[in-house]
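Colleague: I have a structure here, written as structure tokens, and I will follow up with some questions on it.
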Amino acid sequence: MFAQGKHLNDQFRATVKRAKGRLRSQHAKWKRHNSKATVIAVTGSSCKTSSVSLLTHILSADHQVLSQSLGNQHREAVAALRHLKPTDRFAVLEQGTTRPGDLPAAAQLIKPDIAIVTLVALEHYTAFRSIEAVANEKAAFVQGLSSTGLAILNFDDPNVRAMAQKTDARIVQFGTQGGDYRARDLSLSKQGYLSLTLSGTSGDICLNTQFVGTHNWLTVTTAAVCALELGIPAQTIIDRVASFAPVFGRMSVHTIAGNRTFILDTAKAPFHSIGLPLEALKSIESSKKRFILGQISDYAGASIPKYRETYAAAAQVADEICFVGPNAHKARAPAEDIRSGKFRSFATPKQLSEYLKATATEDEVIVVKSSSNLHLERLMLDGEGDVECWPSECKIKCSCTDCGLYREPYYEHDGHKDVSKQIWGPRRQTSPIFNDA
């Protein structure tokens, strides 16, 4: 009888949960239907969060903007739309996918006025299995545009460029190889910071950024093109791009004591992106270059060749390569590199952090690349002050800075902190002009 009663209670709770979900979705659709805001949906296999954040930063110079990033699933879109206000001029929403059908459902809900697709790569391999399947999924927002809508597409990616054939909406394409807007004259400072010229129908604008690495042309150009198409003055775009700092954990730059610089790319690590931070590290002038790898994700086939290939590429760029975590042994580094200390492996992030502090070199640059599960941002944080939270498995999925518990031993809090709403919930940015009005 007890088991039967528990089963009925669980069924009731599930029914109530589904009903609440349907009510929230209906409320979101109603708010979207009645909003006068221009709704912009950004999707793609990479650069979504940074593009949304930079675009929001640009638009909020003179307008009130509702922004949704980091959390990018259907439930976050529902939450964002439910927070729309009559005073919002723009809503910029990031949307990702974990399985086929996610983005078509989101497109039906969001009904964007502008759809942006950054690039297509083979992520969530177990769910999609092919890049063609990923492309079909990413095309959902473009296909869902009305004839009065606008699709902004990456010309350099053939899978994205082909989406122009799937809509009657107006098409604007951008790239380094062609399109309506061209990103050209890409250059890096001695510290690796990107500058570029964006050429379009109305002329050229020169953009200086705080992004490290030439690959970030995609984020900068995505946001700048959308802003130009929305009528934002070129000078506003120039100023806002120059003042924008990268999102934490997405090639974010942190200089700590001893003029040691950490570049954290610790939010995600699909195999297709592994070479990008290495290219950035190659361009930087430094007394010593270290590359740290945690866990790689989203690849087809066996894992050992992926780690071995990554090590071989890193060995061409870095003075020292450190692999950390349960996959560290897969580097298959040459015996000579192990003997000389060019390659080092560590079982835990804490062991690696202790080594980095003990061997700290002034003016060194340390690039850290990993999936978020290892929380390798702790390596930088421990260089600023003692980190006390060193679990191998953590229940909190956000970064340690967003969690804020990294100065406390894990056994004292056991990862129990609900930060999802404050981190992944919708955010509103308002211009000083709007506030003064």
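Residues in the structure tokens are numbered from 1 in each chain, the chains being A, B, ... in the order shown, and ligands are numbered from 1 in the order shown.
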With a distance cut-off of 10 Å and only C-alpha atoms, select the neighbouring residues of Arg308 of chain A, excluding the residue or stretch itself and same-chain residues fewer than 3 positions from it, and output the selection as a ChimeraX atom specification.
Modeller: /A:303-305,311-314,329-333
Colleague: Using the selection just defined, write its residues with C-alpha atoms as a PDB file, in the first residue's frame.
Modeller:
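After the write, selection.pdb holds the following:
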```pdb
ATOM      1  CA  SER A 303      39.284   9.391 -27.197  1.00  0.00           C
ATOM      2  CA  ILE A 304      43.015   8.605 -27.118  1.00  0.00           C
ATOM      3  CA  PRO A 305      43.734   9.911 -30.651  1.00  0.00           C
ATOM      4  CA  TYR A 311      49.263  17.230 -27.253  1.00  0.00           C
ATOM      5  CA  ALA A 312      51.160  17.151 -30.540  1.00  0.00           C
ATOM      6  CA  ALA A 313      49.643  20.494 -31.554  1.00  0.00           C
ATOM      7  CA  ALA A 314      50.338  22.045 -28.147  1.00  0.00           C
ATOM      8  CA  HIS A 329      47.358   9.698 -19.418  1.00  0.00           C
ATOM      9  CA  LYS A 330      45.958   9.807 -22.962  1.00  0.00           C
ATOM     10  CA  ALA A 331      48.409  12.482 -24.131  1.00  0.00           C
ATOM     11  CA  ARG A 332      50.887   9.805 -25.198  1.00  0.00           C
ATOM     12  CA  ALA A 333      53.695  12.335 -24.944  1.00  0.00           C
TER      13      ALA A 333
END
```
Colleague: Residues near segment 291-298 of chain A, anyone? I mean within 8 Å using only C-alpha atoms, not counting same-chain ones fewer than 6 positions away, as number ranges by chain.
Modeller: A: 122-125, 268-271, 278, 307, 314, 318, 320-325, 327-328, 366-371, 374, 376
Colleague: Looking at only C-alpha atoms, which of A:Ala280, A:Leu54, A:Ile110, A:Leu196 is the one that sits closest to Arg240 of chain A?
Modeller: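 When distances to Arg240 of chain A are compared using only C-alpha atoms, the smallest one comes from A:Leu54.
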Colleague: Between A:Ser273, A:Thr222, A:Asn159, A:Gln68, which has the minimum distance to Val39 of chain A (counting only C-alpha atoms)?
Modeller: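 Of the candidates, the smallest distance to Val39 of chain A is held by A:Gln68.
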Colleague: Pick out the residues sitting within 6 Å of Thr167 of chain A, and hand them over as a PyMOL selection string; count only C-alpha atoms, and ignore anything fewer than 2 positions along from it in its own chain.
Modeller: chain A and resi 143+165+169
Colleague: What would the file look like if the residues just selected were written as a short mmCIF file (atom, residue, chain, number, x, y, z; two decimals), in the first residue's frame with N, CA and C atoms?
Modeller:
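Listed below is the output, again.cif:
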```
data_model
loop_
_atom_site.label_atom_id
_atom_site.label_comp_id
_atom_site.auth_asym_id
_atom_site.auth_seq_id
_atom_site.Cartn_x
_atom_site.Cartn_y
_atom_site.Cartn_z
N GLN A 143 14.39 29.13 -40.86
CA GLN A 143 13.17 28.65 -41.52
C GLN A 143 11.91 29.24 -40.90
N GLN A 165 18.85 29.54 -48.48
CA GLN A 165 17.86 28.96 -49.39
C GLN A 165 16.62 28.46 -48.66
N ALA A 169 12.84 35.37 -45.91
CA ALA A 169 13.24 36.58 -45.21
C ALA A 169 14.45 37.23 -45.90
#
```
Colleague: Identify all residues of segment 23-117 of chain A in strand (DSSP E or B) (DSSP on the backbone) and supply them as a list in words.
Modeller: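 These are the residues in question: Thr38, Val39, Ile40, Ala41, Val42, Thr43, Val65, Leu66, Ser67, Gln68, Phe90, Ala91, Val92, Leu93, Glu94, Ile114, Ala115, Ile116 and Val117 of chain A.
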Colleague: Write a file of the just-selected residues containing C-alpha atoms, as a PDB file, in the first residue's frame.
Modeller:
```
ATOM      1  CA  THR A  38      12.702  43.455 -31.684  1.00  0.00           C
ATOM      2  CA  VAL A  39      13.495  39.858 -30.773  1.00  0.00           C
ATOM      3  CA  ILE A  40      16.875  38.496 -31.868  1.00  0.00           C
ATOM      4  CA  ALA A  41      17.689  34.772 -31.601  1.00  0.00           C
ATOM      5  CA  VAL A  42      21.320  33.652 -31.801  1.00  0.00           C
ATOM      6  CA  THR A  43      22.272  30.028 -32.379  1.00  0.00           C
ATOM      7  CA  VAL A  65      17.652  45.355 -23.686  1.00  0.00           C
ATOM      8  CA  LEU A  66      16.481  42.027 -22.281  1.00  0.00           C
ATOM      9  CA  SER A  67      19.262  39.468 -22.612  1.00  0.00           C
ATOM     10  CA  GLN A  68      19.340  35.697 -22.173  1.00  0.00           C
ATOM     11  CA  PHE A  90      15.359  44.674 -27.907  1.00  0.00           C
ATOM     12  CA  ALA A  91      15.436  41.098 -26.629  1.00  0.00           C
ATOM     13  CA  VAL A  92      18.570  39.094 -27.443  1.00  0.00           C
ATOM     14  CA  LEU A  93      18.257  35.376 -26.741  1.00  0.00           C
ATOM     15  CA  GLU A  94      20.816  32.593 -27.005  1.00  0.00           C
ATOM     16  CA  ILE A 114      16.115  38.420 -36.534  1.00  0.00           C
ATOM     17  CA  ALA A 115      17.836  35.022 -36.615  1.00  0.00           C
ATOM     18  CA  ILE A 116      21.630  34.786 -36.375  1.00  0.00           C
ATOM     19  CA  VAL A 117      23.609  31.600 -37.036  1.00  0.00           C
TER      20      VAL A 117
END
```
